[in-house]
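Student: Contents of target-v9.pdb (PDB, N, CA and C atoms):
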```pdb
ATOM      1  N   MET J 817      -1.714 -13.018  -9.730  1.00  0.00           N
ATOM      2  CA  MET J 817      -2.920 -12.570  -9.090  1.00  0.00           C
ATOM      3  C   MET J 817      -2.868 -11.056  -8.967  1.00  0.00           C
ATOM      4  N   MET J 818      -4.025 -10.411  -9.158  1.00  0.00           N
ATOM      5  CA  MET J 818      -4.122  -8.974  -9.020  1.00  0.00           C
ATOM      6  C   MET J 818      -5.434  -8.627  -8.336  1.00  0.00           C
ATOM      7  N   ILE J 819      -5.389  -7.639  -7.447  1.00  0.00           N
ATOM      8  CA  ILE J 819      -6.582  -7.125  -6.781  1.00  0.00           C
ATOM      9  C   ILE J 819      -6.628  -5.631  -7.054  1.00  0.00           C
ATOM     10  N   TRP J 820      -7.769  -5.150  -7.509  1.00  0.00           N
ATOM     11  CA  TRP J 820      -7.940  -3.717  -7.718  1.00  0.00           C
ATOM     12  C   TRP J 820      -9.284  -3.328  -7.138  1.00  0.00           C
ATOM     13  N   GLU J 821      -9.256  -2.708  -5.978  1.00  0.00           N
ATOM     14  CA  GLU J 821     -10.468  -2.237  -5.324  1.00  0.00           C
ATOM     15  C   GLU J 821     -10.697  -0.805  -5.795  1.00  0.00           C
ATOM     16  N   THR J 822     -11.865  -0.530  -6.350  1.00  0.00           N
ATOM     17  CA  THR J 822     -12.095   0.772  -6.968  1.00  0.00           C
ATOM     18  C   THR J 822     -12.719   1.793  -6.030  1.00  0.00           C
ATOM     19  N   ALA J 823     -12.799   1.470  -4.754  1.00  0.00           N
ATOM     20  CA  ALA J 823     -13.310   2.447  -3.793  1.00  0.00           C
ATOM     21  C   ALA J 823     -12.368   3.649  -3.768  1.00  0.00           C
ATOM     22  N   ARG J 824     -12.803   4.698  -3.172  1.00  0.00           N
ATOM     23  CA  ARG J 824     -11.969   5.889  -3.009  1.00  0.00           C
ATOM     24  C   ARG J 824     -11.623   6.043  -1.546  1.00  0.00           C
ATOM     25  N   PRO J 825     -10.374   6.032  -1.142  1.00  0.00           N
ATOM     26  CA  PRO J 825      -9.195   5.819  -1.970  1.00  0.00           C
ATOM     27  C   PRO J 825      -9.048   4.352  -2.362  1.00  0.00           C
ATOM     28  N   TYR J 826      -8.436   4.125  -3.503  1.00  0.00           N
ATOM     29  CA  TYR J 826      -8.340   2.783  -4.072  1.00  0.00           C
ATOM     30  C   TYR J 826      -7.260   1.941  -3.402  1.00  0.00           C
ATOM     31  N   LEU J 827      -7.300   0.646  -3.674  1.00  0.00           N
ATOM     32  CA  LEU J 827      -6.277  -0.299  -3.231  1.00  0.00           C
ATOM     33  C   LEU J 827      -5.914  -1.171  -4.426  1.00  0.00           C
ATOM     34  N   TYR J 828      -4.623  -1.330  -4.678  1.00  0.00           N
ATOM     35  CA  TYR J 828      -4.143  -2.153  -5.780  1.00  0.00           C
ATOM     36  C   TYR J 828      -3.058  -3.067  -5.236  1.00  0.00           C
ATOM     37  N   ALA J 829      -3.140  -4.344  -5.541  1.00  0.00           N
ATOM     38  CA  ALA J 829      -2.109  -5.286  -5.106  1.00  0.00           C
ATOM     39  C   ALA J 829      -1.918  -6.342  -6.184  1.00  0.00           C
ATOM     40  N   ARG J 830      -0.683  -6.773  -6.340  1.00  0.00           N
ATOM     41  CA  ARG J 830      -0.398  -7.873  -7.267  1.00  0.00           C
ATOM     42  C   ARG J 830       0.835  -8.618  -6.800  1.00  0.00           C
ATOM     43  N   LYS J 831       0.893  -9.868  -7.209  1.00  0.00           N
ATOM     44  CA  LYS J 831       2.029 -10.733  -6.889  1.00  0.00           C
ATOM     45  C   LYS J 831       3.011 -10.689  -8.049  1.00  0.00           C
ATOM     46  N   THR J 832       4.289 -10.613  -7.727  1.00  0.00           N
ATOM     47  CA  THR J 832       5.318 -10.603  -8.762  1.00  0.00           C
ATOM     48  C   THR J 832       5.796 -12.035  -9.018  1.00  0.00           C
ATOM     49  N   PRO J 833       6.496 -12.263 -10.125  1.00  0.00           N
ATOM     50  CA  PRO J 833       7.027 -13.605 -10.390  1.00  0.00           C
ATOM     51  C   PRO J 833       7.954 -14.111  -9.282  1.00  0.00           C
ATOM     52  N   GLY J 834       8.587 -13.220  -8.530  1.00  0.00           N
ATOM     53  CA  GLY J 834       9.489 -13.626  -7.454  1.00  0.00           C
ATOM     54  C   GLY J 834       8.786 -13.787  -6.112  1.00  0.00           C
ATOM     55  N   ASN J 835       7.455 -13.945  -6.141  1.00  0.00           N
ATOM     56  CA  ASN J 835       6.638 -14.127  -4.929  1.00  0.00           C
ATOM     57  C   ASN J 835       6.698 -12.943  -3.969  1.00  0.00           C
ATOM     58  N   ARG J 836       6.832 -11.769  -4.513  1.00  0.00           N
ATOM     59  CA  ARG J 836       6.708 -10.550  -3.712  1.00  0.00           C
ATOM     60  C   ARG J 836       5.339  -9.955  -3.989  1.00  0.00           C
ATOM     61  N   ILE J 837       4.916  -9.066  -3.121  1.00  0.00           N
ATOM     62  CA  ILE J 837       3.627  -8.406  -3.303  1.00  0.00           C
ATOM     63  C   ILE J 837       3.867  -6.917  -3.464  1.00  0.00           C
ATOM     64  N   ILE J 838       3.287  -6.365  -4.510  1.00  0.00           N
ATOM     65  CA  ILE J 838       3.287  -4.921  -4.705  1.00  0.00           C
ATOM     66  C   ILE J 838       1.904  -4.441  -4.303  1.00  0.00           C
ATOM     67  N   ILE J 839       1.844  -3.504  -3.374  1.00  0.00           N
ATOM     68  CA  ILE J 839       0.565  -2.959  -2.924  1.00  0.00           C
ATOM     69  C   ILE J 839       0.677  -1.437  -2.932  1.00  0.00           C
ATOM     70  N   CYS J 840      -0.345  -0.798  -3.430  1.00  0.00           N
ATOM     71  CA  CYS J 840      -0.333   0.661  -3.465  1.00  0.00           C
ATOM     72  C   CYS J 840      -1.757   1.178  -3.395  1.00  0.00           C
ATOM     73  N   GLY J 841      -1.866   2.461  -3.228  1.00  0.00           N
ATOM     74  CA  GLY J 841      -3.172   3.101  -3.141  1.00  0.00           C
ATOM     75  C   GLY J 841      -3.207   4.104  -2.015  1.00  0.00           C
ATOM     76  N   LEU J 842      -4.424   4.446  -1.608  1.00  0.00           N
ATOM     77  CA  LEU J 842      -4.668   5.420  -0.540  1.00  0.00           C
ATOM     78  C   LEU J 842      -4.041   6.768  -0.862  1.00  0.00           C
ATOM     79  N   ASP J 843      -3.977   7.103  -2.146  1.00  0.00           N
ATOM     80  CA  ASP J 843      -3.348   8.351  -2.564  1.00  0.00           C
ATOM     81  C   ASP J 843      -4.034   9.564  -1.937  1.00  0.00           C
ATOM     82  N   GLU J 844      -3.212  10.484  -1.504  1.00  0.00           N
ATOM     83  CA  GLU J 844      -3.690  11.742  -0.954  1.00  0.00           C
ATOM     84  C   GLU J 844      -2.836  12.861  -1.531  1.00  0.00           C
ATOM     85  N   SER J 845      -3.425  14.009  -1.641  1.00  0.00           N
ATOM     86  CA  SER J 845      -2.707  15.157  -2.160  1.00  0.00           C
ATOM     87  C   SER J 845      -2.484  16.160  -1.036  1.00  0.00           C
ATOM     88  N   THR J 846      -1.315  16.752  -1.027  1.00  0.00           N
ATOM     89  CA  THR J 846      -1.034  17.821  -0.072  1.00  0.00           C
ATOM     90  C   THR J 846      -0.128  18.842  -0.731  1.00  0.00           C
ATOM     91  N   GLY J 847      -0.347  20.077  -0.405  1.00  0.00           N
ATOM     92  CA  GLY J 847       0.501  21.137  -0.920  1.00  0.00           C
ATOM     93  C   GLY J 847       1.627  21.477   0.036  1.00  0.00           C
ATOM     94  N   TYR J 848       1.728  20.729   1.127  1.00  0.00           N
ATOM     95  CA  TYR J 848       2.723  21.011   2.155  1.00  0.00           C
ATOM     96  C   TYR J 848       3.771  19.909   2.184  1.00  0.00           C
ATOM     97  N   LEU J 849       4.974  20.237   1.755  1.00  0.00           N
ATOM     98  CA  LEU J 849       6.052  19.264   1.662  1.00  0.00           C
ATOM     99  C   LEU J 849       6.344  18.601   3.006  1.00  0.00           C
ATOM    100  N   GLU J 850       6.269  19.364   4.105  1.00  0.00           N
ATOM    101  CA  GLU J 850       6.590  18.798   5.415  1.00  0.00           C
ATOM    102  C   GLU J 850       5.561  17.761   5.865  1.00  0.00           C
ATOM    103  N   LYS J 851       4.383  17.748   5.271  1.00  0.00           N
ATOM    104  CA  LYS J 851       3.354  16.758   5.620  1.00  0.00           C
ATOM    105  C   LYS J 851       3.443  15.510   4.751  1.00  0.00           C
ATOM    106  N   ARG J 852       4.152  15.606   3.630  1.00  0.00           N
ATOM    107  CA  ARG J 852       4.147  14.518   2.643  1.00  0.00           C
ATOM    108  C   ARG J 852       4.715  13.211   3.190  1.00  0.00           C
ATOM    109  N   VAL J 853       5.913  13.236   3.747  1.00  0.00           N
ATOM    110  CA  VAL J 853       6.550  12.005   4.218  1.00  0.00           C
ATOM    111  C   VAL J 853       5.751  11.356   5.352  1.00  0.00           C
ATOM    112  N   PRO J 854       5.307  12.109   6.375  1.00  0.00           N
ATOM    113  CA  PRO J 854       4.487  11.463   7.404  1.00  0.00           C
ATOM    114  C   PRO J 854       3.199  10.844   6.850  1.00  0.00           C
ATOM    115  N   MET J 855       2.578  11.500   5.853  1.00  0.00           N
ATOM    116  CA  MET J 855       1.366  10.943   5.237  1.00  0.00           C
ATOM    117  C   MET J 855       1.681   9.641   4.514  1.00  0.00           C
ATOM    118  N   ILE J 856       2.785   9.625   3.790  1.00  0.00           N
ATOM    119  CA  ILE J 856       3.165   8.424   3.044  1.00  0.00           C
ATOM    120  C   ILE J 856       3.460   7.271   3.998  1.00  0.00           C
ATOM    121  N   LEU J 857       4.190   7.544   5.071  1.00  0.00           N
ATOM    122  CA  LEU J 857       4.503   6.493   6.037  1.00  0.00           C
ATOM    123  C   LEU J 857       3.242   5.976   6.717  1.00  0.00           C
ATOM    124  N   ASN J 858       2.321   6.862   7.031  1.00  0.00           N
ATOM    125  CA  ASN J 858       1.049   6.449   7.624  1.00  0.00           C
ATOM    126  C   ASN J 858       0.260   5.582   6.643  1.00  0.00           C
ATOM    127  N   ASN J 859       0.223   5.980   5.381  1.00  0.00           N
ATOM    128  CA  ASN J 859      -0.492   5.191   4.381  1.00  0.00           C
ATOM    129  C   ASN J 859       0.189   3.849   4.132  1.00  0.00           C
ATOM    130  N   ARG J 860       1.511   3.820   4.222  1.00  0.00           N
ATOM    131  CA  ARG J 860       2.222   2.535   4.108  1.00  0.00           C
ATOM    132  C   ARG J 860       1.734   1.569   5.179  1.00  0.00           C
ATOM    133  N   ASP J 861       1.629   2.051   6.410  1.00  0.00           N
ATOM    134  CA  ASP J 861       1.164   1.209   7.509  1.00  0.00           C
ATOM    135  C   ASP J 861      -0.278   0.759   7.295  1.00  0.00           C
ATOM    136  N   LYS J 862      -1.111   1.649   6.777  1.00  0.00           N
ATOM    137  CA  LYS J 862      -2.518   1.302   6.492  1.00  0.00           C
ATOM    138  C   LYS J 862      -2.600   0.240   5.392  1.00  0.00           C
ATOM    139  N   LEU J 863      -1.752   0.378   4.359  1.00  0.00           N
ATOM    140  CA  LEU J 863      -1.749  -0.601   3.267  1.00  0.00           C
ATOM    141  C   LEU J 863      -1.335  -1.977   3.773  1.00  0.00           C
ATOM    142  N   ILE J 864      -0.332  -2.027   4.631  1.00  0.00           N
ATOM    143  CA  ILE J 864       0.104  -3.308   5.186  1.00  0.00           C
ATOM    144  C   ILE J 864      -1.026  -3.927   6.008  1.00  0.00           C
ATOM    145  N   LYS J 865      -1.733  -3.120   6.796  1.00  0.00           N
ATOM    146  CA  LYS J 865      -2.863  -3.627   7.579  1.00  0.00           C
ATOM    147  C   LYS J 865      -3.965  -4.171   6.672  1.00  0.00           C
ATOM    148  N   GLN J 866      -4.250  -3.464   5.573  1.00  0.00           N
ATOM    149  CA  GLN J 866      -5.271  -3.945   4.646  1.00  0.00           C
ATOM    150  C   GLN J 866      -4.850  -5.258   4.003  1.00  0.00           C
ATOM    151  N   LEU J 867      -3.574  -5.383   3.675  1.00  0.00           N
ATOM    152  CA  LEU J 867      -3.075  -6.626   3.088  1.00  0.00           C
ATOM    153  C   LEU J 867      -3.219  -7.772   4.081  1.00  0.00           C
ATOM    154  N   VAL J 868      -2.889  -7.534   5.336  1.00  0.00           N
ATOM    155  CA  VAL J 868      -3.032  -8.560   6.374  1.00  0.00           C
ATOM    156  C   VAL J 868      -4.504  -8.930   6.559  1.00  0.00           C
ATOM    157  N   ASN J 869      -5.398  -7.948   6.479  1.00  0.00           N
ATOM    158  CA  ASN J 869      -6.839  -8.241   6.584  1.00  0.00           C
ATOM    159  C   ASN J 869      -7.317  -9.109   5.431  1.00  0.00           C
ATOM    160  N   LEU J 870      -6.798  -8.849   4.239  1.00  0.00           N
ATOM    161  CA  LEU J 870      -7.195  -9.641   3.070  1.00  0.00           C
ATOM    162  C   LEU J 870      -6.606 -11.049   3.111  1.00  0.00           C
ATOM    163  N   PHE J 871      -5.362 -11.159   3.566  1.00  0.00           N
ATOM    164  CA  PHE J 871      -4.644 -12.431   3.551  1.00  0.00           C
ATOM    165  C   PHE J 871      -3.966 -12.671   4.897  1.00  0.00           C
ATOM    166  N   PRO J 872      -4.737 -12.995   5.935  1.00  0.00           N
ATOM    167  CA  PRO J 872      -4.156 -13.158   7.273  1.00  0.00           C
ATOM    168  C   PRO J 872      -3.142 -14.295   7.377  1.00  0.00           C
ATOM    169  N   GLU J 873      -3.175 -15.228   6.439  1.00  0.00           N
ATOM    170  CA  GLU J 873      -2.261 -16.362   6.490  1.00  0.00           C
ATOM    171  C   GLU J 873      -0.857 -16.017   5.985  1.00  0.00           C
ATOM    172  N   LEU J 874      -0.700 -14.864   5.345  1.00  0.00           N
ATOM    173  CA  LEU J 874       0.604 -14.481   4.813  1.00  0.00           C
ATOM    174  C   LEU J 874       1.529 -13.987   5.909  1.00  0.00           C
ATOM    175  N   GLU J 875       2.803 -14.284   5.733  1.00  0.00           N
ATOM    176  CA  GLU J 875       3.826 -13.734   6.606  1.00  0.00           C
ATOM    177  C   GLU J 875       4.341 -12.481   5.908  1.00  0.00           C
ATOM    178  N   ILE J 876       3.989 -11.335   6.458  1.00  0.00           N
ATOM    179  CA  ILE J 876       4.319 -10.070   5.802  1.00  0.00           C
ATOM    180  C   ILE J 876       5.634  -9.531   6.349  1.00  0.00           C
ATOM    181  N   GLY J 877       6.572  -9.313   5.456  1.00  0.00           N
ATOM    182  CA  GLY J 877       7.835  -8.702   5.817  1.00  0.00           C
ATOM    183  C   GLY J 877       7.994  -7.430   4.999  1.00  0.00           C
ATOM    184  N   SER J 878       8.986  -6.692   5.318  1.00  0.00           N
ATOM    185  CA  SER J 878       9.223  -5.453   4.580  1.00  0.00           C
ATOM    186  C   SER J 878      10.651  -5.448   4.042  1.00  0.00           C
ATOM    187  N   GLY J 879      10.969  -6.453   3.250  1.00  0.00           N
ATOM    188  CA  GLY J 879      12.302  -6.546   2.687  1.00  0.00           C
ATOM    189  C   GLY J 879      12.677  -5.319   1.875  1.00  0.00           C
ATOM    190  N   LEU J 880      11.742  -4.777   1.156  1.00  0.00           N
ATOM    191  CA  LEU J 880      11.973  -3.571   0.361  1.00  0.00           C
ATOM    192  C   LEU J 880      10.671  -2.808   0.304  1.00  0.00           C
ATOM    193  N   ILE J 881      10.707  -1.599   0.783  1.00  0.00           N
ATOM    194  CA  ILE J 881       9.535  -0.736   0.713  1.00  0.00           C
ATOM    195  C   ILE J 881       9.943   0.536  -0.012  1.00  0.00           C
ATOM    196  N   ILE J 882       9.239   0.827  -1.091  1.00  0.00           N
ATOM    197  CA  ILE J 882       9.498   2.043  -1.847  1.00  0.00           C
ATOM    198  C   ILE J 882       8.247   2.904  -1.725  1.00  0.00           C
ATOM    199  N   ILE J 883       8.431   4.131  -1.307  1.00  0.00           N
ATOM    200  CA  ILE J 883       7.297   5.028  -1.153  1.00  0.00           C
ATOM    201  C   ILE J 883       7.550   6.278  -1.975  1.00  0.00           C
ATOM    202  N   GLY J 884       6.449   6.908  -2.365  1.00  0.00           N
ATOM    203  CA  GLY J 884       6.628   8.179  -3.058  1.00  0.00           C
ATOM    204  C   GLY J 884       5.819   8.365  -4.239  1.00  0.00           C
TER     205      GLY J 884
END
```
Go ahead and express the file in the form of structure tokens.
Tutor:
Amino acid sequence: MMIWETARPYLYARKTPGNRIIICGLDESTGYLEKRVPMILNNRDKLIKQLVNLFPELEIGSGLIIIG
């Protein structure tokens, strides 16, 4: 299964063969390195909330989160 929302900022999610979910999007640009990590962590939290809104029945864990 794959979801690709083309709004700006976009949302992309897909299920892997191992029943994990890859979700990404909400890309933002900044020229300030010190703002980058807090922005990424904030967007990670927003992406998880959007995933829960789309699929409230899922048990969402964060076994592995890769940002960047």
Student: In the coordinate frame of the file, compute which residues have an atom within 12 Å of (-1.5, -16.4, 1.8) when using only C-alpha atoms, and state them as a list in words.
Tutor: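 I get Met817, Lys831, Asn835, Arg836, Ile837, Leu867, Val868, Asn869, Leu870, Phe871, Pro872, Glu873, Leu874, Glu875 and Ile876 of chain J for the residues within 12 Å of that point.
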Student: How would the residues just picked look written out with N, CA and C atoms as an mmCIF file, keeping the file's coordinate frame?
Tutor:
```cif
data_model
loop_
_atom_site.group_PDB
_atom_site.id
_atom_site.type_symbol
_atom_site.label_atom_id
_atom_site.label_comp_id
_atom_site.auth_asym_id
_atom_site.auth_seq_id
_atom_site.Cartn_x
_atom_site.Cartn_y
_atom_site.Cartn_z
ATOM 1 N N MET J 817 -1.714 -13.018 -9.730
ATOM 2 C CA MET J 817 -2.920 -12.570 -9.090
ATOM 3 C C MET J 817 -2.868 -11.056 -8.967
ATOM 4 N N LYS J 831 0.893 -9.868 -7.209
ATOM 5 C CA LYS J 831 2.029 -10.733 -6.889
ATOM 6 C C LYS J 831 3.011 -10.689 -8.049
ATOM 7 N N ASN J 835 7.455 -13.945 -6.141
ATOM 8 C CA ASN J 835 6.638 -14.127 -4.929
ATOM 9 C C ASN J 835 6.698 -12.943 -3.969
ATOM 10 N N ARG J 836 6.832 -11.769 -4.513
ATOM 11 C CA ARG J 836 6.708 -10.550 -3.712
ATOM 12 C C ARG J 836 5.339 -9.955 -3.989
ATOM 13 N N ILE J 837 4.916 -9.066 -3.121
ATOM 14 C CA ILE J 837 3.627 -8.406 -3.303
ATOM 15 C C ILE J 837 3.867 -6.917 -3.464
ATOM 16 N N LEU J 867 -3.574 -5.383 3.675
ATOM 17 C CA LEU J 867 -3.075 -6.626 3.088
ATOM 18 C C LEU J 867 -3.219 -7.772 4.081
ATOM 19 N N VAL J 868 -2.889 -7.534 5.336
ATOM 20 C CA VAL J 868 -3.032 -8.560 6.374
ATOM 21 C C VAL J 868 -4.504 -8.930 6.559
ATOM 22 N N ASN J 869 -5.398 -7.948 6.479
ATOM 23 C CA ASN J 869 -6.839 -8.241 6.584
ATOM 24 C C ASN J 869 -7.317 -9.109 5.431
ATOM 25 N N LEU J 870 -6.798 -8.849 4.239
ATOM 26 C CA LEU J 870 -7.195 -9.641 3.070
ATOM 27 C C LEU J 870 -6.606 -11.049 3.111
ATOM 28 N N PHE J 871 -5.362 -11.159 3.566
ATOM 29 C CA PHE J 871 -4.644 -12.431 3.551
ATOM 30 C C PHE J 871 -3.966 -12.671 4.897
ATOM 31 N N PRO J 872 -4.737 -12.995 5.935
ATOM 32 C CA PRO J 872 -4.156 -13.158 7.273
ATOM 33 C C PRO J 872 -3.142 -14.295 7.377
ATOM 34 N N GLU J 873 -3.175 -15.228 6.439
ATOM 35 C CA GLU J 873 -2.261 -16.362 6.490
ATOM 36 C C GLU J 873 -0.857 -16.017 5.985
ATOM 37 N N LEU J 874 -0.700 -14.864 5.345
ATOM 38 C CA LEU J 874 0.604 -14.481 4.813
ATOM 39 C C LEU J 874 1.529 -13.987 5.909
ATOM 40 N N GLU J 875 2.803 -14.284 5.733
ATOM 41 C CA GLU J 875 3.826 -13.734 6.606
ATOM 42 C C GLU J 875 4.341 -12.481 5.908
ATOM 43 N N ILE J 876 3.989 -11.335 6.458
ATOM 44 C CA ILE J 876 4.319 -10.070 5.802
ATOM 45 C C ILE J 876 5.634 -9.531 6.349
#
```
Student: Write out as an MDAnalysis selection string which residues come within 7 Å of region 852-866 of chain J when counting only N, CA and C atoms, dropping same-chain ones fewer than 3 positions away.
Tutor: chainID J and resid 839:840 842 846 848:849 869:871 883:884
Student: With N, CA and C atoms retained, export the selected residues as an mmCIF file, in the coordinates of the input.
Tutor:
```cif
data_model
loop_
_atom_site.group_PDB
_atom_site.id
_atom_site.type_symbol
_atom_site.label_atom_id
_atom_site.label_comp_id
_atom_site.auth_asym_id
_atom_site.auth_seq_id
_atom_site.Cartn_x
_atom_site.Cartn_y
_atom_site.Cartn_z
ATOM 1 N N ILE J 839 1.844 -3.504 -3.374
ATOM 2 C CA ILE J 839 0.565 -2.959 -2.924
ATOM 3 C C ILE J 839 0.677 -1.437 -2.932
ATOM 4 N N CYS J 840 -0.345 -0.798 -3.430
ATOM 5 C CA CYS J 840 -0.333 0.661 -3.465
ATOM 6 C C CYS J 840 -1.757 1.178 -3.395
ATOM 7 N N LEU J 842 -4.424 4.446 -1.608
ATOM 8 C CA LEU J 842 -4.668 5.420 -0.540
ATOM 9 C C LEU J 842 -4.041 6.768 -0.862
ATOM 10 N N THR J 846 -1.315 16.752 -1.027
ATOM 11 C CA THR J 846 -1.034 17.821 -0.072
ATOM 12 C C THR J 846 -0.128 18.842 -0.731
ATOM 13 N N TYR J 848 1.728 20.729 1.127
ATOM 14 C CA TYR J 848 2.723 21.011 2.155
ATOM 15 C C TYR J 848 3.771 19.909 2.184
ATOM 16 N N LEU J 849 4.974 20.237 1.755
ATOM 17 C CA LEU J 849 6.052 19.264 1.662
ATOM 18 C C LEU J 849 6.344 18.601 3.006
ATOM 19 N N ASN J 869 -5.398 -7.948 6.479
ATOM 20 C CA ASN J 869 -6.839 -8.241 6.584
ATOM 21 C C ASN J 869 -7.317 -9.109 5.431
ATOM 22 N N LEU J 870 -6.798 -8.849 4.239
ATOM 23 C CA LEU J 870 -7.195 -9.641 3.070
ATOM 24 C C LEU J 870 -6.606 -11.049 3.111
ATOM 25 N N PHE J 871 -5.362 -11.159 3.566
ATOM 26 C CA PHE J 871 -4.644 -12.431 3.551
ATOM 27 C C PHE J 871 -3.966 -12.671 4.897
ATOM 28 N N ILE J 883 8.431 4.131 -1.307
ATOM 29 C CA ILE J 883 7.297 5.028 -1.153
ATOM 30 C C ILE J 883 7.550 6.278 -1.975
ATOM 31 N N GLY J 884 6.449 6.908 -2.365
ATOM 32 C CA GLY J 884 6.628 8.179 -3.058
ATOM 33 C C GLY J 884 5.819 8.365 -4.239
#
```
Student: For the structure I just gave you, how does DSSP split region 824-856 of chain J - specifically, which residues are strand (DSSP E)? Reply as a ChimeraX atom specification.
Tutor: /J:827-831,837-841
Student: Just how far from atom C of Gly847 (chain J) is atom N of Ala823 (chain J), in Å to one decimal?
Tutor: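 Computing it gives 25.1 Å between the two atoms.
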Student: Please report the interatomic distance between CA of Asp843 (chain J) and CA of Tyr826 (chain J) in Å with one decimal.
Tutor: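 These two atoms are separated by 7.6 Å.
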